[in-house]
Each structure stands twice: as structure tokens, then as C-alpha cells.
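For reference, entry_1.pdb is printed below; it contains PDB, C-alpha atoms.
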ATOM      1  CA  MET I 224     112.465  18.993   1.270
ATOM      2  CA  THR I 225     113.173  21.599   3.915
ATOM      3  CA  SER I 226     115.900  20.742   6.367
ATOM      4  CA  LEU I 227     115.258  22.049   9.860
ATOM      5  CA  ALA I 228     118.923  21.996  10.844
ATOM      6  CA  ARG I 229     121.959  23.883   9.603
ATOM      7  CA  SER I 230     124.712  21.803   8.054
ATOM      8  CA  GLU I 231     126.893  22.537  11.065
ATOM      9  CA  GLN I 232     124.209  21.163  13.403
ATOM     10  CA  ARG I 233     123.790  18.065  11.237
ATOM     11  CA  ASP I 234     127.546  17.588  11.227
ATOM     12  CA  ALA I 235     127.704  17.761  15.027
ATOM     13  CA  LEU I 236     124.744  15.371  15.398
ATOM     14  CA  ALA I 237     126.343  12.974  12.909
ATOM     15  CA  GLU I 238     129.555  12.970  14.916
ATOM     16  CA  PHE I 239     127.710  12.158  18.127
ATOM     17  CA  VAL I 240     125.620   9.456  16.450
ATOM     18  CA  ASN I 241     128.912   8.125  15.061
ATOM     19  CA  ILE I 242     130.274   7.787  18.585
ATOM     20  CA  GLY I 243     127.035   6.085  19.686
ATOM     21  CA  MET I 244     127.323   3.720  16.706
ATOM     22  CA  GLY I 245     130.825   2.796  17.792
ATOM     23  CA  GLN I 246     129.424   1.720  21.142
ATOM     24  CA  ALA I 247     126.524  -0.117  19.481
ATOM     25  CA  GLY I 248     129.025  -1.871  17.219
ATOM     26  CA  ASP I 249     131.054  -2.961  20.209
ATOM     27  CA  SER I 250     127.959  -4.363  21.953
ATOM     28  CA  LEU I 251     126.833  -6.186  18.801
ATOM     29  CA  ALA I 252     130.351  -7.512  18.275
ATOM     30  CA  ARG I 253     130.086  -9.156  21.682
ATOM     31  CA  LEU I 254     126.590 -10.488  20.967
ATOM     32  CA  PHE I 255     127.641 -12.008  17.633
ATOM     33  CA  ASP I 256     131.286 -12.600  18.444
ATOM     34  CA  THR I 257     132.442 -11.042  15.193
ATOM     35  CA  TYR I 258     133.650  -7.729  13.812
ATOM     36  CA  ILE I 259     130.920  -5.218  12.945
ATOM     37  CA  GLN I 260     131.583  -2.863  10.079
ATOM     38  CA  LEU I 261     130.118   0.598  10.669
ATOM     39  CA  SER I 262     128.952   3.114   8.094
ATOM     40  CA  ILE I 263     129.306   6.862   8.172
ATOM     41  CA  PRO I 264     126.027   8.146   9.598
ATOM     42  CA  ARG I 265     123.914  10.662   7.729
ATOM     43  CA  ILE I 266     121.520  12.950   9.512
ATOM     44  CA  GLU I 267     118.461  14.828   8.361
ATOM     45  CA  ILE I 268     115.878  16.710  10.378
ATOM     46  CA  VAL I 269     112.542  17.302   8.688
ATOM     47  CA  LYS I 270     108.871  17.964   9.220
ATOM     48  CA  PRO I 271     106.386  15.070   8.958
ATOM     49  CA  HIS I 272     105.284  15.849   5.406
ATOM     50  CA  ASP I 273     108.907  15.593   4.267
ATOM     51  CA  VAL I 274     109.690  12.356   6.087
ATOM     52  CA  LEU I 275     108.657   9.946   3.338
ATOM     53  CA  GLY I 276     110.631  11.916   0.761
ATOM     54  CA  ALA I 277     113.670  12.024   3.012
ATOM     55  CA  ILE I 278     113.460   8.304   3.707
ATOM     56  CA  SER I 279     113.124   7.440   0.017
ATOM     57  CA  ALA I 280     116.086   9.681  -0.751
ATOM     58  CA  LEU I 281     118.150   7.831   1.829
ATOM     59  CA  ILE I 282     117.152   4.226   1.280
ATOM     60  CA  GLY I 283     115.160   4.058  -1.937
ATOM     61  CA  ASP I 284     112.202   1.726  -2.137
ATOM     62  CA  ALA I 285     112.760  -0.414   0.912
ATOM     63  CA  GLY I 286     110.077  -3.009   0.138
ATOM     64  CA  PRO I 287     108.342  -4.692   3.046
ATOM     65  CA  ILE I 288     109.943  -3.838   6.349
ATOM     66  CA  VAL I 289     109.841  -4.700   9.992
ATOM     67  CA  ALA I 290     110.192  -2.035  12.653
ATOM     68  CA  VAL I 291     110.832  -1.880  16.353
ATOM     69  CA  ARG I 292     109.682   1.058  18.400
ATOM     70  CA  GLN I 293     111.073   2.379  21.650
ATOM     71  CA  ALA I 294     110.107   5.530  23.543
ATOM     72  CA  PHE I 295     112.672   7.648  25.359
ATOM     73  CA  SER I 296     112.261  10.380  27.907
ATOM     74  CA  SER I 297     113.956  12.737  30.330
ATOM     75  CA  ARG I 298     114.051  16.494  29.879
ATOM     76  CA  ILE I 299     113.411  15.604  26.261
ATOM     77  CA  ARG I 300     111.166  12.863  24.946
ATOM     78  CA  GLY I 301     110.450  11.115  21.721
ATOM     79  CA  GLU I 302     110.178   7.790  19.969
ATOM     80  CA  ALA I 303     112.810   5.839  18.108
ATOM     81  CA  LEU I 304     112.096   3.409  15.283
ATOM     82  CA  ALA I 305     114.628   0.854  14.100
ATOM     83  CA  VAL I 306     113.635  -0.227  10.600
ATOM     84  CA  TYR I 307     114.876  -3.402   8.915
ATOM     85  CA  ALA I 308     114.167  -5.167   5.660
ATOM     86  CA  ALA I 309     111.547  -7.932   6.057
ATOM     87  CA  GLY I 310     113.162 -10.811   7.909
ATOM     88  CA  GLY I 311     114.733  -8.395  10.364
ATOM     89  CA  CYS I 312     117.728  -9.970  11.995
ATOM     90  CA  ASP I 313     117.046 -13.535  10.818
ATOM     91  CA  ALA I 314     120.229 -13.500   8.745
ATOM     92  CA  LEU I 315     122.143 -13.120  11.995
ATOM     93  CA  ALA I 316     120.350 -15.849  13.950
ATOM     94  CA  ASP I 317     123.049 -18.478  13.483
ATOM     95  CA  LEU I 318     125.715 -16.095  14.785
ATOM     96  CA  VAL I 319     124.077 -15.583  18.147
ATOM     97  CA  THR I 320     126.148 -16.899  20.968
ATOM     98  CA  TYR I 321     123.225 -17.673  23.272
ATOM     99  CA  PRO I 322     120.840 -20.559  22.631
ATOM    100  CA  ASP I 323     117.125 -20.800  21.796
ATOM    101  CA  VAL I 324     116.493 -17.226  20.832
ATOM    102  CA  THR I 325     113.403 -16.599  18.688
ATOM    103  CA  SER I 326     113.658 -14.237  15.744
ATOM    104  CA  ASP I 327     111.434 -11.713  17.526
ATOM    105  CA  GLU I 328     113.604 -11.794  20.629
ATOM    106  CA  LEU I 329     116.700 -11.314  18.526
ATOM    107  CA  LEU I 330     115.096  -8.388  16.726
ATOM    108  CA  LEU I 331     114.154  -6.763  20.041
ATOM    109  CA  ASP I 332     117.613  -7.350  21.523
ATOM    110  CA  VAL I 333     119.464  -5.924  18.538
ATOM    111  CA  SER I 334     117.092  -2.934  18.358
ATOM    112  CA  ASN I 335     117.483  -2.273  22.050
ATOM    113  CA  VAL I 336     121.272  -2.183  21.654
ATOM    114  CA  LEU I 337     121.177   0.010  18.544
ATOM    115  CA  ILE I 338     118.643   2.523  19.833
ATOM    116  CA  GLY I 339     120.154   2.657  23.309
ATOM    117  CA  ALA I 340     123.631   3.298  21.985
ATOM    118  CA  CYS I 341     122.787   5.699  19.144
ATOM    119  CA  VAL I 342     120.007   7.741  20.770
ATOM    120  CA  GLY I 343     121.346   7.324  24.303
ATOM    121  CA  GLY I 344     124.876   8.159  23.120
ATOM    122  CA  LEU I 345     123.605  11.263  21.379
ATOM    123  CA  ALA I 346     121.744  12.432  24.492
ATOM    124  CA  ALA I 347     124.678  11.603  26.769
ATOM    125  CA  GLN I 348     126.817  14.105  24.839
ATOM    126  CA  PHE I 349     124.497  16.770  26.145
ATOM    127  CA  GLU I 350     124.147  15.275  29.608
ATOM    128  CA  LEU I 351     120.544  14.326  28.961
ATOM    129  CA  ASP I 352     120.122  10.993  30.720
ATOM    130  CA  LEU I 353     117.395   9.137  28.873
ATOM    131  CA  SER I 354     115.159   6.368  30.121
ATOM    132  CA  PHE I 355     113.872   3.944  27.508
ATOM    133  CA  SER I 356     110.619   1.999  27.414
ATOM    134  CA  PRO I 357     110.901  -1.705  26.561
ATOM    135  CA  PRO I 358     111.127  -2.126  22.778
ATOM    136  CA  SER I 359     108.092  -3.468  20.945
ATOM    137  CA  ILE I 360     107.604  -4.697  17.400
ATOM    138  CA  LEU I 361     105.524  -2.112  15.583
ATOM    139  CA  GLY I 362     104.937  -3.877  12.305
ATOM    140  CA  GLN I 363     105.987  -6.998  10.413
ATOM    141  CA  GLN I 364     105.928  -7.033   6.611
ATOM    142  CA  ALA I 365     104.581  -3.500   6.586
ATOM    143  CA  SER I 366     105.330  -0.511   4.360
ATOM    144  CA  ILE I 367     107.079   2.628   5.567
ATOM    145  CA  GLU I 368     103.897   4.614   4.852
ATOM    146  CA  HIS I 369     101.892   2.239   7.004
ATOM    147  CA  LEU I 370     104.340   2.452   9.898
ATOM    148  CA  LEU I 371     104.570   6.209   9.815
ATOM    149  CA  ALA I 372     100.789   6.406  10.060
ATOM    150  CA  ALA I 373     100.918   4.499  13.351
ATOM    151  CA  GLU I 374      99.105   6.258  16.107
ATOM    152  CA  GLY I 375     100.881   7.866  18.969
ATOM    153  CA  LEU I 376     104.148   8.878  17.314
ATOM    154  CA  PRO I 377     104.914  12.429  18.460
ATOM    155  CA  TRP I 378     104.624  13.739  14.985
ATOM    156  CA  GLN I 379     106.114  17.194  14.858
ATOM    157  CA  THR I 380     109.741  16.706  13.895
ATOM    158  CA  ALA I 381     111.725  13.740  12.701
ATOM    159  CA  LEU I 382     115.448  13.261  13.106
ATOM    160  CA  ILE I 383     116.497  10.634  10.624
ATOM    161  CA  ALA I 384     119.793   8.956  11.281
ATOM    162  CA  GLU I 385     120.941   6.642   8.542
ATOM    163  CA  VAL I 386     123.237   4.043  10.015
ATOM    164  CA  HIS I 387     124.379   0.792   8.441
ATOM    165  CA  PHE I 388     125.922  -2.130  10.163
ATOM    166  CA  ARG I 389     127.472  -4.950   8.170
ATOM    167  CA  ILE I 390     128.137  -8.182   9.950
ATOM    168  CA  ALA I 391     130.446 -10.906   8.713
ATOM    169  CA  GLU I 392     129.720 -10.284   5.026
ATOM    170  CA  ARG I 393     125.987 -10.566   5.583
ATOM    171  CA  ALA I 394     123.800  -7.852   4.225
ATOM    172  CA  PHE I 395     122.225  -6.588   7.385
ATOM    173  CA  ARG I 396     120.965  -3.070   7.296
ATOM    174  CA  CYS I 397     119.163  -0.994   9.829
ATOM    175  CA  HIS I 398     117.849   2.548   9.681
ATOM    176  CA  LEU I 399     117.042   4.543  12.744
ATOM    177  CA  PHE I 400     114.374   7.203  12.834
ATOM    178  CA  THR I 401     113.512   9.323  15.817
ATOM    179  CA  PHE I 402     110.415  11.431  16.247
ATOM    180  CA  TRP I 403     110.264  14.414  18.528
ATOM    181  CA  PRO I 404     107.793  16.974  19.765
ATOM    182  CA  ASP I 405     108.893  20.461  18.752
ATOM    183  CA  ASP I 406     109.876  21.539  22.256
ATOM    184  CA  SER I 407     112.183  18.525  22.689
ATOM    185  CA  MET I 408     113.807  19.108  19.313
ATOM    186  CA  ALA I 409     114.364  22.732  20.332
ATOM    187  CA  VAL I 410     116.157  21.540  23.492
ATOM    188  CA  LEU I 411     118.357  19.188  21.440
ATOM    189  CA  LEU I 412     119.278  21.792  18.820
ATOM    190  CA  GLY I 413     119.876  24.351  21.586
ATOM    191  CA  ALA I 414     122.323  21.931  23.207
ATOM    192  CA  VAL I 415     124.026  21.391  19.827
ATOM    193  CA  ASP I 416     124.405  25.143  19.369
ATOM    194  CA  ALA I 417     125.819  25.569  22.866
ATOM    195  CA  PHE I 418     128.327  22.826  22.080
ATOM    196  CA  LEU I 419     129.273  24.378  18.726
ATOM    197  CA  ALA I 420     129.840  27.720  20.463
ATOM    198  CA  THR I 421     132.567  26.123  22.609
ATOM    199  CA  LEU I 422     134.615  25.031  19.574
TER     200      LEU I 422
ATOM    201  CA  MET N  80     156.358  20.722  14.663
ATOM    202  CA  SER N  81     153.575  20.169  12.179
ATOM    203  CA  ILE N  82     150.647  17.822  12.592
ATOM    204  CA  LEU N  83     147.968  16.583  10.237
ATOM    205  CA  ILE N  84     144.372  16.051  11.397
ATOM    206  CA  VAL N  85     142.404  13.663   9.175
ATOM    207  CA  ASP N  86     138.636  13.476   9.714
ATOM    208  CA  ASP N  87     135.674  13.855   7.368
ATOM    209  CA  SER N  88     133.681  15.865   9.894
ATOM    210  CA  PRO N  89     134.635  19.557  10.272
ATOM    211  CA  VAL N  90     133.033  19.533  13.733
ATOM    212  CA  SER N  91     135.109  16.529  14.686
ATOM    213  CA  ARG N  92     138.311  18.235  13.467
ATOM    214  CA  SER N  93     137.420  21.263  15.607
ATOM    215  CA  ILE N  94     136.973  18.954  18.597
ATOM    216  CA  VAL N  95     140.420  17.427  17.944
ATOM    217  CA  ILE N  96     142.018  20.869  17.801
ATOM    218  CA  LYS N  97     140.257  21.859  21.005
ATOM    219  CA  CYS N  98     141.643  18.756  22.738
ATOM    220  CA  LEU N  99     145.293  19.438  21.823
ATOM    221  CA  PRO N 100     147.513  20.451  24.763
ATOM    222  CA  ARG N 101     147.235  24.161  25.532
ATOM    223  CA  GLY N 102     150.134  26.246  24.416
ATOM    224  CA  TRP N 103     151.501  23.425  22.238
ATOM    225  CA  ASP N 104     153.380  25.141  19.434
ATOM    226  CA  VAL N 105     152.313  23.242  16.325
ATOM    227  CA  ALA N 106     151.342  24.022  12.758
ATOM    228  CA  ILE N 107     148.062  22.248  11.952
ATOM    229  CA  THR N 108     147.021  20.928   8.553
ATOM    230  CA  GLN N 109     143.549  19.427   8.046
ATOM    231  CA  ALA N 110     142.416  16.758   5.614
ATOM    232  CA  GLY N 111     138.898  15.392   5.004
ATOM    233  CA  ASN N 112     139.870  11.805   4.135
ATOM    234  CA  GLY N 113     142.829   9.488   3.573
ATOM    235  CA  ARG N 114     143.458  10.597   0.023
ATOM    236  CA  GLU N 115     143.644  14.274   1.010
ATOM    237  CA  ALA N 116     145.967  13.229   3.821
ATOM    238  CA  LEU N 117     148.322  11.455   1.396
ATOM    239  CA  ALA N 118     148.356  14.585  -0.777
ATOM    240  CA  ALA N 119     149.159  16.757   2.244
ATOM    241  CA  LEU N 120     151.994  14.448   3.289
ATOM    242  CA  GLY N 121     153.336  14.502  -0.285
ATOM    243  CA  GLN N 122     153.590  18.275  -0.093
ATOM    244  CA  LYS N 123     155.345  18.432   3.212
ATOM    245  CA  PRO N 124     156.273  15.989   5.965
ATOM    246  CA  HIS N 125     154.284  16.056   9.199
ATOM    247  CA  ALA N 126     155.607  14.622  12.462
ATOM    248  CA  VAL N 127     152.213  13.399  13.670
ATOM    249  CA  VAL N 128     149.000  12.297  11.977
ATOM    250  CA  LEU N 129     145.796  12.231  14.041
ATOM    251  CA  LEU N 130     143.613   9.838  12.055
ATOM    252  CA  ASP N 131     139.890   9.083  12.069
ATOM    253  CA  LEU N 132     138.913   5.623  10.749
ATOM    254  CA  ASN N 133     135.415   5.856   9.348
ATOM    255  CA  MET N 134     135.680   8.249   6.366
ATOM    256  CA  PRO N 135     134.459   8.398   2.770
ATOM    257  CA  VAL N 136     136.761   8.164  -0.308
ATOM    258  CA  MET N 137     139.678   6.617   1.595
ATOM    259  CA  ASP N 138     139.170   5.479   5.182
ATOM    260  CA  GLY N 139     141.734   5.286   7.955
ATOM    261  CA  TYR N 140     142.627   1.629   7.314
ATOM    262  CA  GLU N 141     143.158   2.275   3.601
ATOM    263  CA  PHE N 142     145.292   5.299   4.450
ATOM    264  CA  LEU N 143     147.533   3.201   6.706
ATOM    265  CA  GLU N 144     147.839   0.534   3.990
ATOM    266  CA  ALA N 145     148.686   3.174   1.374
ATOM    267  CA  MET N 146     151.307   4.701   3.668
ATOM    268  CA  LYS N 147     153.026   1.318   4.001
ATOM    269  CA  LEU N 148     153.301   0.999   0.230
ATOM    270  CA  SER N 149     154.380   4.578  -0.390
ATOM    271  CA  ALA N 150     157.850   6.054  -0.302
ATOM    272  CA  LEU N 151     156.684   8.706   2.159
ATOM    273  CA  ALA N 152     158.355   8.805   5.554
ATOM    274  CA  LEU N 153     155.918   7.262   8.017
ATOM    275  CA  PRO N 154     154.856   9.833  10.576
ATOM    276  CA  ILE N 155     153.665   8.893  14.046
ATOM    277  CA  VAL N 156     150.035   7.936  13.486
ATOM    278  CA  ILE N 157     147.558   8.189  16.356
ATOM    279  CA  VAL N 158     144.093   6.843  15.577
ATOM    280  CA  LEU N 159     141.086   8.688  17.024
ATOM    281  CA  SER N 160     137.908   6.635  16.640
ATOM    282  CA  GLY N 161     134.492   5.881  18.065
ATOM    283  CA  ASP N 162     134.873   2.280  16.887
ATOM    284  CA  VAL N 163     135.867   0.755  20.202
ATOM    285  CA  GLN N 164     135.815  -2.884  19.076
ATOM    286  CA  PRO N 165     139.064  -4.586  20.131
ATOM    287  CA  LYS N 166     139.515  -5.806  16.523
ATOM    288  CA  ALA N 167     139.578  -2.229  15.213
ATOM    289  CA  ARG N 168     142.331  -1.337  17.645
ATOM    290  CA  ALA N 169     144.343  -4.484  16.842
ATOM    291  CA  ARG N 170     144.038  -3.954  13.099
ATOM    292  CA  VAL N 171     145.302  -0.345  13.112
ATOM    293  CA  LYS N 172     148.203  -1.301  15.369
ATOM    294  CA  GLU N 173     149.090  -4.045  12.885
ATOM    295  CA  LEU N 174     148.984  -1.465  10.106
ATOM    296  CA  GLY N 175     151.477   0.755  11.896
ATOM    297  CA  ALA N 176     149.448   3.118  14.067
ATOM    298  CA  ARG N 177     151.280   3.905  17.296
ATOM    299  CA  ALA N 178     148.349   4.699  19.565
ATOM    300  CA  PHE N 179     144.548   4.554  19.684
ATOM    301  CA  VAL N 180     142.358   7.123  21.391
ATOM    302  CA  LYS N 181     138.632   6.458  21.655
ATOM    303  CA  LYS N 182     136.024   9.096  20.951
ATOM    304  CA  PRO N 183     134.463  11.109  22.536
ATOM    305  CA  LEU N 184     137.860  12.755  22.893
ATOM    306  CA  ARG N 185     139.101  14.175  26.158
ATOM    307  CA  PRO N 186     142.128  16.508  26.326
ATOM    308  CA  GLU N 187     143.742  14.105  28.849
ATOM    309  CA  SER N 188     143.431  11.076  26.583
ATOM    310  CA  VAL N 189     144.911  12.975  23.631
ATOM    311  CA  ARG N 190     147.783  14.220  25.797
ATOM    312  CA  ASP N 191     148.424  10.701  27.150
ATOM    313  CA  ALA N 192     148.632   9.298  23.615
ATOM    314  CA  LEU N 193     151.021  12.058  22.495
ATOM    315  CA  GLN N 194     153.201  11.338  25.525
ATOM    316  CA  GLU N 195     153.024   7.583  24.928
ATOM    317  CA  CYS N 196     154.393   8.206  21.417
ATOM    318  CA  GLY N 197     157.149  10.469  22.722
ATOM    319  CA  VAL N 198     155.798  13.521  20.909
ATOM    320  CA  LEU N 199     155.353  15.673  24.020
TER     321      LEU N 199
END
Step by step, read the file and then write its structure as C-alpha cells.
Amino acid sequence: MTSLARSEQRDALAEFVNIGMGQAGDSLARLFDTYIQLSIPRIEIVKPHDVLGAISALIGDAGPIVAVRQAFSSRIRGEALAVYAAGGCDALADLVTYPDVTSDELLLDVSNVLIGACVGGLAAQFELDLSFSPPSILGQQASIEHLLAAEGLPWQTALIAEVHFRIAERAFRCHLFTFWPDDSMAVLLGAVDAFLATL
Amino acid sequence: MSILIVDDSPVSRSIVIKCLPRGWDVAITQAGNGREALAALGQKPHAVVLLDLNMPVMDGYEFLEAMKLSALALPIVIVLSGDVQPKARARVKELGARAFVKKPLRPESVRDALQECGVL
């Protein structure tokens, strides 16, 4: 696997995703009225043919999964995927503090919070104000291979952010993947370098 | 005065150093997790510890718990974290941290916390 980012760049991106995760955790804590335990994020940037290998290295054989997709755009654009084990957020359904939510709605809400905070938080560090499309469910009970073959993902570079959230002793895990056209990734890494140069 | 910066991310430690008050005459030691921080404090006392929470090996909470049980003099601990949940803040205060600064860090918020703890 060839990493497209230097360790210093990955470290900076991880720190910014970490800050975004903190905000996501705070939003989820309000949604579920409980403490959210956050993991240390790991970052990898790879080309499409290395994505499956990178994902397996991070999460092993995930089994059937469910994924939510959300596009983002401004000066940069791309697509974010939030990937969950089959069942999505069902384990959290009884914690929700608002009534009559379907499991799909819950999945979309949680994904919206996670992607908005992690990807939006990352972009905000570089003063890139992103707009997000409404989230949509990309696949239920699908395989990672199947999802990654979905049409329309801007398939030049993938930034994989591994983030885990644990809620009230329940095993709830989510992985975030973002896909970028090359020119957008160049803008992001350029902004990271400019930031690193100020340290 | 000597201070200890504890964070697993080298970039994050650089950001902390950049946010310290200009011209502040301090000796800086860096540690990558709680265990390294305990080792550093065992070697020499530090007046202030700037502590991240989410770290491998020994996280910030475990470090604070270990400090309570150890014979080491408790320095002034200021937590720097992106975990902005009120429960995170309450828990570190309970464990003896004197102040909490949320990330992303700003020089003003770091200075305010140092002043709040009577360090500046």
C-alpha cells in the first residue's frame, strides 16, 4: 500500500479529525443523553486500488455493512461515507431522547452529525466552509467491495479516517471514508502544509 | 519554571508550544502519553502539566488517577482536549485537574487558563 501523505501530514489531519470528533461526540451525547467515549483517530490517504487493502488493515473483515453517503463541496469537493456494521445504529435506538424515530432516520441523523463534525471540522481548520448534501443510505447489508463499486464516487483519492465511538457500553462502531478528486486533495494537503509551516 | 506537555500527536504538541505566552521563560519537556509523563515527573518536578486526554498506552484520565496514587508532588494540571462533553470536563476536575481548555487551542485560552491557575 502506498500512502499519499507524509506522516507529518497524517498527524496533522488526525489532530483536526480528533477535534471534529470531539464536537461530534458532544452532539451525540446530547442526542443520546449519555457520555460518548471517543477513540484516537487514524488517518490514511490512498489511491483507489489500495482502498480495500487499507480498509481491511484497519477494520478486518467487517461482514455485511450499512453505509450512509453525503457529498460535500466548496472550494474542495468530495463524498463522505459513514460505514456501520449491519444493523447500523439499531443498538442505540432505545437511547434516543425523541420519540418515534425509525432506524433509517436514526442512521441518517447520526451519520449527518458524524460526517458534519468530522469532515466539516477538518475543513473549518483550513477555513474551507463546506456545504453538505442531505445524507442518503447507500447500501443495506452490502459488502465493502459492493459499496466501493457504487457509481458516482469521485474515485481518485481516498482519505480514510478511522474513528470509533462507544456509547454506554454498547458496541457501536463507525468508520468514515472520504473520497476526493485529485485537485481537491491537492488543495487539502496544500492547506495542511501551509499550517505545518507555521509551527 | 518547567512545564510538561503530554500529547500523543507531535503536531498537537507543536501547536501547544506555539500557543504558550510569548516571551514566557519556561523549560519544556514533552511526553507522548501518560506513562511517559509519569516517568518525566519521576525524574524531575514540573510546575505545570498540559495534558491531552485521548492518548494510547495511558490516557489523560488514567494519568490523573495514577498521580493521585503516587507519591509525586501534584503539579498544576491543565487539560487540553477536543472532547467538549460536559462530563469529560467534570471528570477531570474531579480527578484533580485545575483547568480545562478546549481544542482547537487559541493563545488567549491557554493564557487565560494559566492565569486562572495562578501560574502567570
Give me the residues within 12 Å of Lys270 in chain I as a ChimeraX atom specification, counting all atoms listed in the file and dropping any in the same chain fewer than 5 places off.
-> /I:224-228,275-277,377-383,401-405,408
Expected answer as a ChimeraX atom specification: chain N residues within 7 Å of chain I, only C-alpha atoms = /N:88,90-91,93-94,97,133-134,161-164,166,182-183
Taking the file above as input, evaluate the PyMOL selection byres ((chain I and resi 357-360) around 7) and report the hits as a tab-separated table (two decimals) with C-alpha atoms, keeping the file's coordinate frame.
chain	number	residue	atom	x	y	z
I	290	ALA	CA	110.19	-2.04	12.65
I	291	VAL	CA	110.83	-1.88	16.35
I	292	ARG	CA	109.68	1.06	18.40
I	293	GLN	CA	111.07	2.38	21.65
I	331	LEU	CA	114.15	-6.76	20.04
I	335	ASN	CA	117.48	-2.27	22.05
I	355	PHE	CA	113.87	3.94	27.51
I	356	SER	CA	110.62	2.00	27.41
I	361	LEU	CA	105.52	-2.11	15.58
I	362	GLY	CA	104.94	-3.88	12.30
Who sits within 7 Å of range 305-313 of chain I, only C-alpha atoms, same chain under 6 positions skipped, as a count of residues only = 17
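CA of Val386 in chain I is positioned 21.8 Å from CA of Ser354 in chain I.
Between CA of Ala420 in chain I and CA of Ser297 in chain I there is a distance of 24.0 Å.
Checking N:Val189, N:Ala126, N:Leu120, N:Met137 one by one against Ser81 in chain N, counting only C-alpha atoms, you find the shortest gap at N:Ala126.
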Would you mind listing what lies within 8 Å of Phe349 in chain I as a PyMOL selection string, with only C-alpha atoms counted and same-chain residues fewer than 4 positions away left out?
-> chain I and resi 345+414-415
Can you tell me, as number ranges by chain, what residues are no more than 12 Å from Gly111 in chain N when counting all atoms listed in the file, ignoring any on the same chain fewer than 2 positions away?
-> N: 83-92, 108-109, 113-119, 129-139, 142
How big is the axis-aligned box, and where does its centre sit, when it encloses all atoms of range 93-111 of chain N listed in the file and has 8 Å added on every side, reported in Å to one decimal as AutoDock Vina command-line options?
--center_x 145.2 --center_y 20.8 --center_z 15.3 --size_x 32.4 --size_y 26.9 --size_z 36.5
Would you mind telling me which residue in N:Leu184, N:Leu199, N:Leu143, N:Val128 lies nearest to Cys98 in chain N when using only C-alpha atoms?
-> N:Leu184
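For the atom pair formed by CA of Val95 in chain N and CA of Gly339 in chain I, the distance is 25.6 Å, given to one decimal.
For the point (112.1, 17.5, 31.6) in file coordinates, the residues within 12 Å, using only C-alpha atoms, are Phe295, Ser296, Ser297, Arg298, Ile299, Arg300, Gly301, Leu351, Asp352, Leu353, Ser354, Asp406, Ser407 and Val410 of chain I.
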